[in-house]
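K.L.:
What follows is protein_24.cif, mmCIF, C-alpha atoms.
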```cif
data_my_file
#
loop_
_atom_site.label_atom_id
_atom_site.label_comp_id
_atom_site.auth_asym_id
_atom_site.auth_seq_id
_atom_site.Cartn_x
_atom_site.Cartn_y
_atom_site.Cartn_z
CA MET A 1 69.10 107.77 77.65
CA ASN A 2 71.54 107.52 80.51
CA ILE A 3 71.48 110.98 82.12
CA ASN A 4 74.18 110.22 84.67
CA THR A 5 77.20 110.06 82.39
CA ALA A 6 78.09 113.77 82.72
CA ASN A 7 79.03 113.78 79.02
CA LYS A 8 81.98 111.45 79.44
CA THR A 9 84.30 111.22 76.45
CA ILE A 10 84.91 107.78 74.95
CA LEU A 11 87.62 107.05 72.38
CA ILE A 12 86.47 104.37 69.92
CA ALA A 13 89.11 102.95 67.58
CA PRO A 14 88.41 100.26 64.95
CA LEU A 15 91.15 98.42 63.07
CA ASN A 16 91.52 99.40 59.41
CA TRP A 17 91.31 95.90 57.90
CA GLY A 18 88.73 96.23 55.15
CA LEU A 19 85.55 97.93 56.34
CA GLY A 20 84.12 95.39 58.78
CA HIS A 21 85.65 96.69 61.99
CA ALA A 22 84.59 100.24 61.16
CA THR A 23 81.02 99.36 60.15
CA ARG A 24 80.31 97.27 63.22
CA CYS A 25 81.42 100.22 65.36
CA ILE A 26 78.66 102.37 63.83
CA PRO A 27 75.90 101.06 66.16
CA ILE A 28 78.27 101.45 69.13
CA ILE A 29 78.98 105.09 68.25
CA LYS A 30 75.25 105.77 67.86
CA ALA A 31 74.55 104.09 71.22
CA LEU A 32 77.23 106.22 72.89
CA GLN A 33 75.57 109.36 71.54
CA GLU A 34 72.10 108.18 72.56
CA ASN A 35 73.33 107.55 76.10
CA ASN A 36 74.86 110.99 76.56
CA TYR A 37 78.50 110.08 75.92
CA ILE A 38 80.81 112.03 73.62
CA PRO A 39 82.54 109.70 71.14
CA ILE A 40 85.88 110.46 69.53
CA ILE A 41 86.70 108.24 66.55
CA ALA A 42 90.28 107.14 65.87
CA SER A 43 91.46 104.98 62.97
CA ASP A 44 93.24 105.27 59.61
CA GLY A 45 92.73 104.69 55.90
CA ILE A 46 89.37 103.66 54.47
CA ALA A 47 87.99 102.79 57.91
CA LEU A 48 88.50 106.38 59.07
CA GLU A 49 87.15 107.80 55.80
CA LEU A 50 84.00 105.71 56.09
CA LEU A 51 83.34 106.81 59.66
CA LYS A 52 83.95 110.46 58.75
CA LYS A 53 81.18 110.14 56.16
CA GLU A 54 78.85 108.43 58.64
CA PHE A 55 79.55 110.87 61.49
CA PRO A 56 80.56 114.22 59.95
CA TYR A 57 80.08 116.09 63.26
CA VAL A 58 82.08 113.70 65.46
CA LYS A 59 85.72 114.48 66.20
CA THR A 60 88.12 112.13 64.44
CA LEU A 61 91.80 111.38 65.06
CA LYS A 62 94.29 109.57 62.85
CA LEU A 63 96.16 106.52 64.09
CA PRO A 64 99.24 104.92 62.47
CA SER A 65 98.51 102.41 59.74
CA TYR A 66 99.18 98.69 60.34
CA LYS A 67 99.85 98.53 56.57
CA ILE A 68 97.96 95.25 56.26
CA GLU A 69 98.10 93.78 52.78
CA TYR A 70 96.97 90.44 51.40
CA ALA A 71 99.18 88.26 49.24
CA LYS A 72 98.17 87.76 45.61
CA ASP A 73 98.38 84.02 46.22
CA GLY A 74 96.24 82.93 49.17
CA LYS A 75 98.81 80.28 50.10
CA ASN A 76 101.18 83.11 51.04
CA PHE A 77 98.67 84.97 53.24
CA LYS A 78 100.29 84.03 56.56
CA TRP A 79 103.81 84.72 55.31
CA LYS A 80 102.77 88.11 53.93
CA LEU A 81 101.45 89.03 57.38
CA LEU A 82 104.66 87.78 59.01
CA LYS A 83 106.66 89.91 56.60
CA ASN A 84 104.56 92.93 57.59
CA PHE A 85 104.85 92.09 61.31
CA PRO A 86 107.63 94.63 62.04
CA GLU A 87 105.44 97.37 60.52
CA ILE A 88 102.50 96.25 62.65
CA ILE A 89 104.60 96.29 65.83
CA LYS A 90 105.87 99.76 64.94
CA ALA A 91 102.30 100.98 64.39
CA VAL A 92 101.13 99.46 67.70
CA TRP A 93 104.00 101.17 69.53
CA ASN A 94 103.22 104.52 67.90
CA GLU A 95 99.50 104.30 68.59
CA LYS A 96 100.24 103.57 72.26
CA LYS A 97 102.16 106.86 72.43
CA LYS A 98 99.39 108.75 70.63
CA VAL A 99 96.66 107.36 72.90
CA LYS A 100 98.66 108.26 75.99
CA LYS A 101 98.77 111.89 74.81
CA TRP A 102 95.12 111.91 73.74
CA VAL A 103 93.83 110.62 77.09
CA LYS A 104 95.29 113.71 78.72
CA LYS A 105 94.69 116.22 75.89
CA TYR A 106 91.03 115.34 75.27
CA ASP A 107 90.18 114.30 78.85
CA ILE A 108 89.17 110.82 77.68
CA ASP A 109 87.17 108.80 80.22
CA GLY A 110 87.09 105.44 78.48
CA ILE A 111 88.38 103.52 75.48
CA ILE A 112 86.80 101.01 73.08
CA SER A 113 89.34 99.29 70.83
CA ASP A 114 88.10 97.07 68.03
CA ASN A 115 91.18 94.89 67.49
CA ARG A 116 93.67 97.79 67.69
CA LEU A 117 96.35 96.33 69.92
CA GLY A 118 97.94 99.59 71.05
CA VAL A 119 94.75 101.51 71.84
CA PHE A 120 94.88 101.11 75.60
CA SER A 121 95.44 103.11 78.76
CA LYS A 122 95.85 102.15 82.40
CA LYS A 123 94.34 105.48 83.41
CA VAL A 124 90.78 104.74 82.18
CA ALA A 125 88.43 101.82 81.66
CA THR A 126 89.26 100.01 78.41
CA VAL A 127 87.19 97.61 76.30
CA PHE A 128 88.53 95.31 73.60
CA ILE A 129 86.09 94.13 70.91
CA THR A 130 86.82 90.95 69.00
CA HIS A 131 85.04 87.92 67.57
CA GLN A 132 88.35 86.06 67.45
CA LEU A 133 89.29 84.80 70.88
CA ASN A 134 90.96 82.07 68.84
CA VAL A 135 92.98 83.53 65.94
CA MET A 136 93.13 80.95 63.17
CA THR A 137 96.42 80.73 61.31
CA GLY A 138 96.56 77.06 60.36
CA ASN A 139 99.15 75.04 62.25
CA THR A 140 100.16 78.11 64.27
CA THR A 141 96.62 78.77 65.59
CA TRP A 142 97.56 77.72 69.12
CA ILE A 143 100.30 80.33 69.44
CA THR A 144 98.46 83.20 67.72
CA SER A 145 95.41 82.51 69.91
CA LEU A 146 97.51 82.44 73.07
CA LEU A 147 99.24 85.71 72.15
CA HIS A 148 95.91 87.38 71.35
CA GLN A 149 94.33 86.25 74.62
CA ASN A 150 97.34 87.58 76.54
CA ILE A 151 96.81 90.99 74.92
CA ILE A 152 93.09 90.91 75.80
CA LYS A 153 93.91 90.29 79.48
CA LYS A 154 95.17 93.83 79.99
CA TYR A 155 91.78 95.35 79.09
CA THR A 156 89.05 95.97 81.65
CA GLN A 157 86.57 93.93 79.58
CA CYS A 158 86.39 92.01 76.31
CA TRP A 159 83.18 92.27 74.27
CA VAL A 160 82.39 89.50 71.79
CA PRO A 161 79.63 90.41 69.28
CA ASP A 162 77.96 86.99 69.33
CA PHE A 163 75.82 84.73 71.50
CA GLU A 164 77.37 82.77 74.35
CA GLY A 165 75.47 79.51 73.86
CA THR A 166 75.79 76.71 71.32
CA LEU A 167 73.56 78.54 68.83
CA ASN A 168 76.00 81.17 67.68
CA LEU A 169 77.64 82.66 64.58
CA THR A 170 81.37 82.42 65.37
CA GLY A 171 81.76 78.83 66.58
CA LYS A 172 85.22 78.13 67.98
CA LEU A 173 86.48 81.53 66.81
CA GLY A 174 84.59 83.38 69.52
CA HIS A 175 84.27 80.76 72.24
CA ILE A 176 86.91 79.44 74.64
CA LYS A 177 86.78 77.43 77.84
CA ASN A 178 87.59 79.07 81.18
CA PRO A 179 88.77 82.52 80.03
CA ASP A 180 90.99 84.30 82.55
CA PHE A 181 89.68 87.76 81.65
CA GLU A 182 86.30 89.49 81.93
CA LEU A 183 84.33 88.38 78.89
CA LYS A 184 80.92 89.66 77.80
CA TYR A 185 78.89 88.28 74.89
CA ILE A 186 76.99 91.35 73.77
CA GLY A 187 75.06 89.85 70.83
CA PRO A 188 75.70 90.39 67.11
CA LEU A 189 76.32 93.97 65.99
CA SER A 190 74.70 95.32 62.84
CA ARG A 191 73.98 98.78 61.53
CA MET A 192 71.18 97.37 59.33
CA GLN A 193 67.40 97.09 59.73
CA LYS A 194 65.14 94.74 57.79
CA LYS A 195 62.45 96.41 55.66
CA GLU A 196 59.60 94.86 53.73
CA ILE A 197 60.02 96.70 50.43
CA PRO A 198 59.76 95.69 46.73
CA LYS A 199 62.80 93.95 45.26
CA LEU A 200 64.69 95.88 42.57
CA TYR A 201 67.71 93.60 42.13
CA ASP A 202 68.03 89.87 41.61
CA LEU A 203 71.64 89.91 42.82
CA MET A 204 73.67 92.22 45.04
CA ILE A 205 77.47 91.92 44.90
CA ILE A 206 79.38 93.67 47.66
CA LEU A 207 83.17 93.61 48.00
CA SER A 208 85.42 94.50 50.91
CA GLY A 209 88.82 93.81 52.42
CA PRO A 210 92.40 94.92 51.78
CA GLU A 211 94.11 94.88 48.41
CA PRO A 212 95.12 93.16 46.27
CA GLN A 213 92.46 90.51 46.93
CA ARG A 214 89.54 92.94 46.78
CA GLY A 215 90.63 94.05 43.31
CA ILE A 216 91.34 90.49 42.13
CA LEU A 217 87.81 89.41 43.06
CA GLU A 218 86.33 92.54 41.46
CA GLU A 219 87.93 91.71 38.11
CA LYS A 220 86.84 88.08 38.30
CA LEU A 221 83.24 88.93 39.17
CA LYS A 222 83.00 91.61 36.48
CA LYS A 223 83.61 88.85 33.94
CA GLU A 224 81.41 86.25 35.62
CA VAL A 225 78.43 88.56 36.08
CA GLN A 226 78.26 89.13 32.32
CA ASN A 227 76.70 85.66 32.19
CA TYR A 228 73.98 86.57 34.72
CA THR A 229 70.62 87.46 33.19
CA GLY A 230 69.00 89.14 36.21
CA LYS A 231 69.31 92.70 37.45
CA VAL A 232 72.54 93.27 39.41
CA VAL A 233 73.86 95.93 41.78
CA PHE A 234 77.65 95.72 42.19
CA ILE A 235 79.27 97.64 45.08
CA LYS A 236 83.05 97.62 44.74
CA GLY A 237 83.92 98.65 48.31
CA ILE A 238 86.24 101.50 47.32
CA ILE A 239 85.89 104.49 49.63
CA GLU A 240 86.46 107.70 47.66
CA LYS A 241 85.60 111.34 48.13
CA GLU A 242 82.60 111.19 45.80
CA GLN A 243 80.20 108.38 45.08
CA LYS A 244 80.31 107.10 41.51
CA LYS A 245 77.53 105.25 39.71
CA GLU A 246 77.87 103.48 36.37
CA GLN A 247 75.31 101.52 34.36
CA GLN A 248 76.36 98.67 32.07
CA ASP A 249 73.39 96.82 30.60
CA ASN A 250 71.74 94.95 33.53
CA ILE A 251 74.48 95.86 36.03
CA THR A 252 74.62 99.01 38.19
CA PHE A 253 78.09 99.70 39.63
CA TYR A 254 78.85 101.83 42.71
CA ASN A 255 82.26 102.53 44.22
CA PHE A 256 80.74 102.65 47.72
CA MET A 257 77.50 103.32 49.60
CA ASN A 258 76.81 104.92 52.97
CA THR A 259 74.88 102.99 55.61
CA ARG A 260 71.44 104.31 54.61
CA GLN A 261 71.96 103.45 50.94
CA LEU A 262 73.48 100.08 51.75
CA GLU A 263 70.61 99.13 54.04
CA GLN A 264 68.11 100.09 51.33
CA THR A 265 69.99 98.13 48.67
CA PHE A 266 70.30 95.01 50.83
CA ASN A 267 66.55 95.10 51.40
CA GLU A 268 65.90 95.62 47.68
CA SER A 269 68.00 92.58 46.69
CA GLU A 270 66.92 88.94 46.50
CA ILE A 271 70.34 87.35 47.10
CA VAL A 272 73.83 88.55 48.05
CA LEU A 273 77.28 87.50 46.80
CA CYS A 274 80.10 88.58 49.13
CA ARG A 275 83.07 87.67 51.30
CA SER A 276 82.45 85.66 54.47
CA GLY A 277 83.73 88.38 56.79
CA TYR A 278 82.09 88.30 60.20
CA THR A 279 80.60 91.81 60.02
CA THR A 280 78.93 90.91 56.73
CA ILE A 281 77.58 87.72 58.31
CA MET A 282 76.05 89.74 61.17
CA ASP A 283 74.43 92.13 58.67
CA LEU A 284 73.02 89.27 56.60
CA ALA A 285 71.62 87.62 59.73
CA LYS A 286 69.93 90.86 60.81
CA LEU A 287 68.39 91.20 57.33
CA GLU A 288 67.48 87.48 57.07
CA LYS A 289 69.24 87.23 53.72
CA LYS A 290 70.15 84.30 51.51
CA ALA A 291 73.73 84.60 50.31
CA PHE A 292 76.73 82.98 48.65
CA PHE A 293 80.22 83.37 50.10
CA ILE A 294 83.65 83.61 48.50
CA PRO A 295 86.18 83.64 51.38
CA THR A 296 89.34 85.69 50.96
CA PRO A 297 92.04 83.21 49.82
CA GLY A 298 94.28 82.16 52.68
CA GLN A 299 92.30 83.99 55.36
CA TYR A 300 91.62 81.14 57.78
CA GLU A 301 88.90 83.02 59.67
CA GLN A 302 86.74 83.60 56.58
CA GLU A 303 87.35 80.06 55.34
CA TYR A 304 86.31 78.64 58.72
CA LEU A 305 83.14 80.74 58.90
CA ALA A 306 82.15 79.82 55.32
CA GLU A 307 82.69 76.11 56.03
CA LYS A 308 80.76 76.34 59.33
CA LEU A 309 77.72 78.03 57.79
CA GLU A 310 77.66 75.70 54.78
CA LYS A 311 77.89 72.65 57.05
CA GLU A 312 74.92 74.01 59.05
CA GLY A 313 72.90 74.27 55.82
CA LEU A 314 72.71 78.07 55.95
CA VAL A 315 74.96 79.52 53.21
CA PRO A 316 76.89 77.84 50.35
CA TYR A 317 80.38 78.93 49.38
CA SER A 318 83.13 78.48 46.81
CA ASN A 319 86.82 79.25 46.81
CA GLN A 320 87.77 82.22 44.66
CA ASP A 321 89.58 80.40 41.86
CA ASP A 322 86.77 77.89 41.28
CA PHE A 323 83.78 80.24 41.47
CA LYS A 324 81.38 80.37 38.52
CA ILE A 325 78.24 82.49 38.45
CA GLU A 326 76.13 79.36 37.85
CA GLN A 327 76.95 78.25 41.40
CA LEU A 328 74.51 80.85 42.73
CA GLN A 329 71.76 78.34 41.95
CA LYS A 330 72.88 76.42 45.06
CA ILE A 331 71.45 79.18 47.27
CA GLN A 332 67.90 77.85 46.89
CA ASN A 333 68.94 74.66 48.72
CA TYR A 334 70.13 76.54 51.82
CA LYS A 335 68.12 78.15 54.64
CA GLY A 336 69.87 81.51 54.69
CA LEU A 337 70.81 83.41 57.83
CA SER A 338 68.20 84.04 60.53
CA HIS A 339 67.28 87.23 62.31
CA PHE A 340 68.44 87.72 65.89
CA ASN A 341 65.93 89.46 68.12
CA THR A 342 68.12 89.99 71.17
CA PRO A 343 68.45 93.73 71.86
CA ILE A 344 71.79 94.95 73.14
CA ASP A 345 71.69 96.35 76.68
CA TRP A 346 73.90 99.36 76.07
CA ILE A 347 73.29 100.99 79.46
CA THR A 348 74.56 97.93 81.30
CA LEU A 349 77.52 97.57 78.92
CA PHE A 350 78.49 101.21 79.31
CA ASP A 351 78.55 100.79 83.11
CA VAL A 352 82.20 99.84 82.63
CA PHE A 353 82.85 103.56 82.12
CA GLU A 354 80.91 104.48 85.26
CA GLU A 355 82.93 102.38 87.70
CA VAL A 356 84.46 104.47 90.49
CA ASN A 357 87.45 102.22 91.09
CA GLN A 358 89.37 102.66 87.89
CA VAL A 359 93.03 101.69 87.75
CA VAL A 360 95.00 104.92 87.89
CA LEU A 361 98.76 105.22 87.61
#
```
Take the structure from the file and write it as structure tokens.

P.N.:
Amino acid sequence: MNINTANKTILIAPLNWGLGHATRCIPIIKALQENNYIPIIASDGIALELLKKEFPYVKTLKLPSYKIEYAKDGKNFKWKLLKNFPEIIKAVWNEKKKVKKWVKKYDIDGIISDNRLGVFSKKVATVFITHQLNVMTGNTTWITSLLHQNIIKKYTQCWVPDFEGTLNLTGKLGHIKNPDFELKYIGPLSRMQKKEIPKLYDLMIILSGPEPQRGILEEKLKKEVQNYTGKVVFIKGIIEKEQKKEQQDNITFYNFMNTRQLEQTFNESEIVLCRSGYTTIMDLAKLEKKAFFIPTPGQYEQEYLAEKLEKEGLVPYSNQDDFKIEQLQKIQNYKGLSHFNTPIDWITLFDVFEEVNQVVL
């Protein structure tokens, strides 16, 4: 425990884009508490609801929604985002105003923004978390990456949850040459711990991400899994007030699970079928799991990560339209994701909030 922090208050704000940004902030929030900081959580939608359930005694604040939606047709993913761009800009502008008020009202000493572009203040030390220094958008990748890197520049530091060297999880997503901002590779973030316990399920299916693609995949997999003979646990990724459990023959359905339940279920499952979101990849690596990926249609980041890990002989994948449950047999020919043993040096990372020479207006 760092006993010199004088109970400094840190605002931590993950983007509400599925559950990944929120879940990878869980170990950061716990580390803040363990090192004598006072976290305040700010987000919206299912990300905020999840973190309220995980940290019922931590103060939470609501930020404007970016209103991110996926297109029904993956080919239209980029254009759907462009259509929503005015709403995103409006939300970023509004969250800037909210954060400015909160810094003063709650005497905030530092900020950690996980991909929330307006969560920033010149009055305190600010950290931006991202695994996408390069933002892949097809033939417009160069401009979206440049714009993103220009946003990152204004922050005191940028934390990338990956390894710096050639053996890494993000590839060209999280690695650039000669960055002109302070960049720290902090190691992969996961809220999970591996346990040697008996296996209860042959297959674990876990869904995440914005609608309508989450729901489209749910309906497809409900049909496909009828042809699977093993024992299945199917987590839909719908955050609701109460947990719901339903049994249908060899399949156990849940609407959602909290971290403790999810960790237990991962450890009780032989293989995992899921999206290739980066937070999920970090969890699977921590748990040393064999998996099969179905990238979200049109989401270049997930498609790139799935292709990278298949090419490295680690995890097979299929696009959503072509997936058949029989393809899970491919898993036995792949190595699976490996455990990372590098502990995160939280005390050194949190020194950014202990610097005397902060930029003050």

K.L.:
Taking the file as I've supplied it (selection: the PyMOL selection byres ((chain A and resi 16) around 8)), which residues are included? Please answer as a ChimeraX atom specification.

P.N.:
/A:14-15,17-19,21-22,43-48,65-66

K.L.:
Given the selection you just returned, output its residues as a file containing C-alpha atoms, formatted as a PDB file, in the coordinates of the input.

P.N.:
```pdb
ATOM      1  CA  PRO A  14      88.410 100.260  64.950  1.00  0.00           C
ATOM      2  CA  LEU A  15      91.150  98.420  63.070  1.00  0.00           C
ATOM      3  CA  TRP A  17      91.310  95.900  57.900  1.00  0.00           C
ATOM      4  CA  GLY A  18      88.730  96.230  55.150  1.00  0.00           C
ATOM      5  CA  LEU A  19      85.550  97.930  56.340  1.00  0.00           C
ATOM      6  CA  HIS A  21      85.650  96.690  61.990  1.00  0.00           C
ATOM      7  CA  ALA A  22      84.590 100.240  61.160  1.00  0.00           C
ATOM      8  CA  SER A  43      91.460 104.980  62.970  1.00  0.00           C
ATOM      9  CA  ASP A  44      93.240 105.270  59.610  1.00  0.00           C
ATOM     10  CA  GLY A  45      92.730 104.690  55.900  1.00  0.00           C
ATOM     11  CA  ILE A  46      89.370 103.660  54.470  1.00  0.00           C
ATOM     12  CA  ALA A  47      87.990 102.790  57.910  1.00  0.00           C
ATOM     13  CA  LEU A  48      88.500 106.380  59.070  1.00  0.00           C
ATOM     14  CA  SER A  65      98.510 102.410  59.740  1.00  0.00           C
ATOM     15  CA  TYR A  66      99.180  98.690  60.340  1.00  0.00           C
TER      16      TYR A  66
END
```

K.L.:
Evaluating the PyMOL selection byres ((chain A and resi 162-171) around 9) on the displayed file yields which residues, as a list of chain:residue names?

P.N.:
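In the shown coordinates, the PyMOL selection byres ((chain A and resi 162-171) around 9) covers A:His131, A:Gln132, A:Trp159, A:Val160, A:Pro161, A:Lys172, A:Leu173, A:Gly174, A:His175, A:Lys184, A:Tyr185, A:Ile186, A:Gly187, A:Pro188, A:Leu189, A:Tyr278, A:Ile281, A:Met282, A:Leu305, A:Lys308, A:Leu309.
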
K.L.:
If the PyMOL selection byres ((chain A and resi 231-244) around 9) were run on this exact file, what residues would it hold? Put them as a PyMOL selection string.

P.N.:
chain A and resi 18-19+46-47+49-50+200-209+214-215+218+222+225+228-230+245-246+249-257+265+269

K.L.:
Can those selected residues be exported to a file as a PDB file, in the coordinates of the input so that it contains C-alpha atoms?

P.N.:
```
ATOM      1  CA  GLY A  18      88.730  96.230  55.150  1.00  0.00           C
ATOM      2  CA  LEU A  19      85.550  97.930  56.340  1.00  0.00           C
ATOM      3  CA  ILE A  46      89.370 103.660  54.470  1.00  0.00           C
ATOM      4  CA  ALA A  47      87.990 102.790  57.910  1.00  0.00           C
ATOM      5  CA  GLU A  49      87.150 107.800  55.800  1.00  0.00           C
ATOM      6  CA  LEU A  50      84.000 105.710  56.090  1.00  0.00           C
ATOM      7  CA  LEU A 200      64.690  95.880  42.570  1.00  0.00           C
ATOM      8  CA  TYR A 201      67.710  93.600  42.130  1.00  0.00           C
ATOM      9  CA  ASP A 202      68.030  89.870  41.610  1.00  0.00           C
ATOM     10  CA  LEU A 203      71.640  89.910  42.820  1.00  0.00           C
ATOM     11  CA  MET A 204      73.670  92.220  45.040  1.00  0.00           C
ATOM     12  CA  ILE A 205      77.470  91.920  44.900  1.00  0.00           C
ATOM     13  CA  ILE A 206      79.380  93.670  47.660  1.00  0.00           C
ATOM     14  CA  LEU A 207      83.170  93.610  48.000  1.00  0.00           C
ATOM     15  CA  SER A 208      85.420  94.500  50.910  1.00  0.00           C
ATOM     16  CA  GLY A 209      88.820  93.810  52.420  1.00  0.00           C
ATOM     17  CA  ARG A 214      89.540  92.940  46.780  1.00  0.00           C
ATOM     18  CA  GLY A 215      90.630  94.050  43.310  1.00  0.00           C
ATOM     19  CA  GLU A 218      86.330  92.540  41.460  1.00  0.00           C
ATOM     20  CA  LYS A 222      83.000  91.610  36.480  1.00  0.00           C
ATOM     21  CA  VAL A 225      78.430  88.560  36.080  1.00  0.00           C
ATOM     22  CA  TYR A 228      73.980  86.570  34.720  1.00  0.00           C
ATOM     23  CA  THR A 229      70.620  87.460  33.190  1.00  0.00           C
ATOM     24  CA  GLY A 230      69.000  89.140  36.210  1.00  0.00           C
ATOM     25  CA  LYS A 245      77.530 105.250  39.710  1.00  0.00           C
ATOM     26  CA  GLU A 246      77.870 103.480  36.370  1.00  0.00           C
ATOM     27  CA  ASP A 249      73.390  96.820  30.600  1.00  0.00           C
ATOM     28  CA  ASN A 250      71.740  94.950  33.530  1.00  0.00           C
ATOM     29  CA  ILE A 251      74.480  95.860  36.030  1.00  0.00           C
ATOM     30  CA  THR A 252      74.620  99.010  38.190  1.00  0.00           C
ATOM     31  CA  PHE A 253      78.090  99.700  39.630  1.00  0.00           C
ATOM     32  CA  TYR A 254      78.850 101.830  42.710  1.00  0.00           C
ATOM     33  CA  ASN A 255      82.260 102.530  44.220  1.00  0.00           C
ATOM     34  CA  PHE A 256      80.740 102.650  47.720  1.00  0.00           C
ATOM     35  CA  MET A 257      77.500 103.320  49.600  1.00  0.00           C
ATOM     36  CA  THR A 265      69.990  98.130  48.670  1.00  0.00           C
ATOM     37  CA  SER A 269      68.000  92.580  46.690  1.00  0.00           C
TER      38      SER A 269
END
```

K.L.:
Extract, using only C-alpha atoms, all DNA, RNA and protein residues at most 7 Å from segment 94-96 of chain A, discarding same-chain residues fewer than 5 positions from it, and format them as an MDAnalysis selection string.

P.N.:
chainID A and resid 63:64 118:120

K.L.:
Would you mind reading off the distance between atom CA of Gln302 of chain A and atom CA of Ser276 of chain A, one decimal, in Å?

P.N.:
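Pair atom CA of Gln302 of chain A / atom CA of Ser276 of chain A returns 5.2 Å.
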
K.L.:
Can you tell me, as a PyMOL selection string, what residues are no more than 8 Å from Lys8 of chain A when counting only C-alpha atoms, ignoring any on the same chain fewer than 6 positions away?

P.N.:
chain A and resi 36-38+108-110

K.L.:
Take atom CA of Asp321 of chain A and atom CA of Leu221 of chain A and report the distance between them in Å, one decimal.

P.N.:
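Here the two named atoms are 11.0 Å from each other.
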
K.L.:
For Met136 of chain A, please output as number ranges by chain all residues within 8 Å (counting all atoms listed in the file; exclusion window: fewer than 3 positions along the same chain).

P.N.:
A: 140-141, 144-145, 173, 300-301

K.L.:
Would you mind listing what lies within 7 Å of Leu337 of chain A as a PyMOL selection string, with all atoms listed in the file counted and same-chain residues fewer than 2 positions away left out?

P.N.:
chain A and resi 284-285+288-290+314+335+339

K.L.:
One decimal, Å: what's the distance from atom CA of Ala31 of chain A over to atom CA of Glu268 of chain A, could you say?

P.N.:
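Value for the atom CA of Ala31 of chain A-atom CA of Glu268 of chain A distance: 26.5 Å.
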
K.L.:
Have a look at A:Ile344, A:Val124, A:Ile294, A:Cys274 and name the one nearest to Lys154 of chain A; count all atoms listed in the file.

P.N.:
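Closest residue, counting all atoms listed in the file: A:Val124.
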
K.L.:
Can you pull out the residues contacting Glu182 of chain A? Cut-off 10 Å, using only C-alpha atoms, and skip same-chain residues under 6 positions away; I want them as a PyMOL selection string.

P.N.:
chain A and resi 127+152-153+155-159

K.L.:
Using all atoms of segment 153-166 of chain A listed in the file and a margin of 5 Å per side, can you give the axis-aligned box centre and edge lengths in Å to one decimal, as JSON?

P.N.:
```
{"center_x": 85.3, "center_y": 86.3, "center_z": 75.5, "size_x": 29.7, "size_y": 29.3, "size_z": 22.4}
```

K.L.:
Mind completing segment 180-190 of chain A with N, CA, C and O atoms? Output as a PDB file, in the frame of the given file, please?

P.N.:
```pdb
ATOM      1  N   ASP A 180      90.458  83.667  81.336  1.00  0.00           N
ATOM      2  CA  ASP A 180      90.990  84.300  82.550  1.00  0.00           C
ATOM      3  C   ASP A 180      90.961  85.820  82.416  1.00  0.00           C
ATOM      4  O   ASP A 180      91.858  86.525  82.888  1.00  0.00           O
ATOM      5  N   PHE A 181      89.924  86.320  81.743  1.00  0.00           N
ATOM      6  CA  PHE A 181      89.680  87.760  81.650  1.00  0.00           C
ATOM      7  C   PHE A 181      88.175  87.973  81.616  1.00  0.00           C
ATOM      8  O   PHE A 181      87.401  87.032  81.385  1.00  0.00           O
ATOM      9  N   GLU A 182      87.742  89.216  81.872  1.00  0.00           N
ATOM     10  CA  GLU A 182      86.300  89.490  81.930  1.00  0.00           C
ATOM     11  C   GLU A 182      85.726  89.522  80.517  1.00  0.00           C
ATOM     12  O   GLU A 182      86.083  90.386  79.710  1.00  0.00           O
ATOM     13  N   LEU A 183      84.851  88.584  80.240  1.00  0.00           N
ATOM     14  CA  LEU A 183      84.330  88.380  78.890  1.00  0.00           C
ATOM     15  C   LEU A 183      82.827  88.600  78.885  1.00  0.00           C
ATOM     16  O   LEU A 183      82.106  88.063  79.728  1.00  0.00           O
ATOM     17  N   LYS A 184      82.352  89.406  77.941  1.00  0.00           N
ATOM     18  CA  LYS A 184      80.920  89.660  77.800  1.00  0.00           C
ATOM     19  C   LYS A 184      80.486  89.377  76.364  1.00  0.00           C
ATOM     20  O   LYS A 184      81.055  89.951  75.433  1.00  0.00           O
ATOM     21  N   TYR A 185      79.501  88.505  76.203  1.00  0.00           N
ATOM     22  CA  TYR A 185      78.890  88.280  74.890  1.00  0.00           C
ATOM     23  C   TYR A 185      77.755  89.277  74.751  1.00  0.00           C
ATOM     24  O   TYR A 185      76.758  89.209  75.469  1.00  0.00           O
ATOM     25  N   ILE A 186      77.917  90.225  73.842  1.00  0.00           N
ATOM     26  CA  ILE A 186      76.990  91.350  73.770  1.00  0.00           C
ATOM     27  C   ILE A 186      75.904  91.144  72.721  1.00  0.00           C
ATOM     28  O   ILE A 186      74.989  91.953  72.606  1.00  0.00           O
ATOM     29  N   GLY A 187      75.998  90.057  71.941  1.00  0.00           N
ATOM     30  CA  GLY A 187      75.060  89.850  70.830  1.00  0.00           C
ATOM     31  C   GLY A 187      75.626  90.425  69.554  1.00  0.00           C
ATOM     32  O   GLY A 187      76.472  91.329  69.585  1.00  0.00           O
ATOM     33  N   PRO A 188      75.190  89.900  68.401  1.00  0.00           N
ATOM     34  CA  PRO A 188      75.700  90.390  67.110  1.00  0.00           C
ATOM     35  C   PRO A 188      75.456  91.886  66.919  1.00  0.00           C
ATOM     36  O   PRO A 188      74.431  92.418  67.354  1.00  0.00           O
ATOM     37  N   LEU A 189      76.403  92.539  66.272  1.00  0.00           N
ATOM     38  CA  LEU A 189      76.320  93.970  65.990  1.00  0.00           C
ATOM     39  C   LEU A 189      75.987  94.187  64.507  1.00  0.00           C
ATOM     40  O   LEU A 189      76.672  93.641  63.645  1.00  0.00           O
ATOM     41  N   SER A 190      74.989  94.967  64.229  1.00  0.00           N
ATOM     42  CA  SER A 190      74.700  95.320  62.840  1.00  0.00           C
ATOM     43  C   SER A 190      74.125  96.716  62.776  1.00  0.00           C
ATOM     44  O   SER A 190      73.333  97.118  63.621  1.00  0.00           O
TER      45      SER A 190
END
```
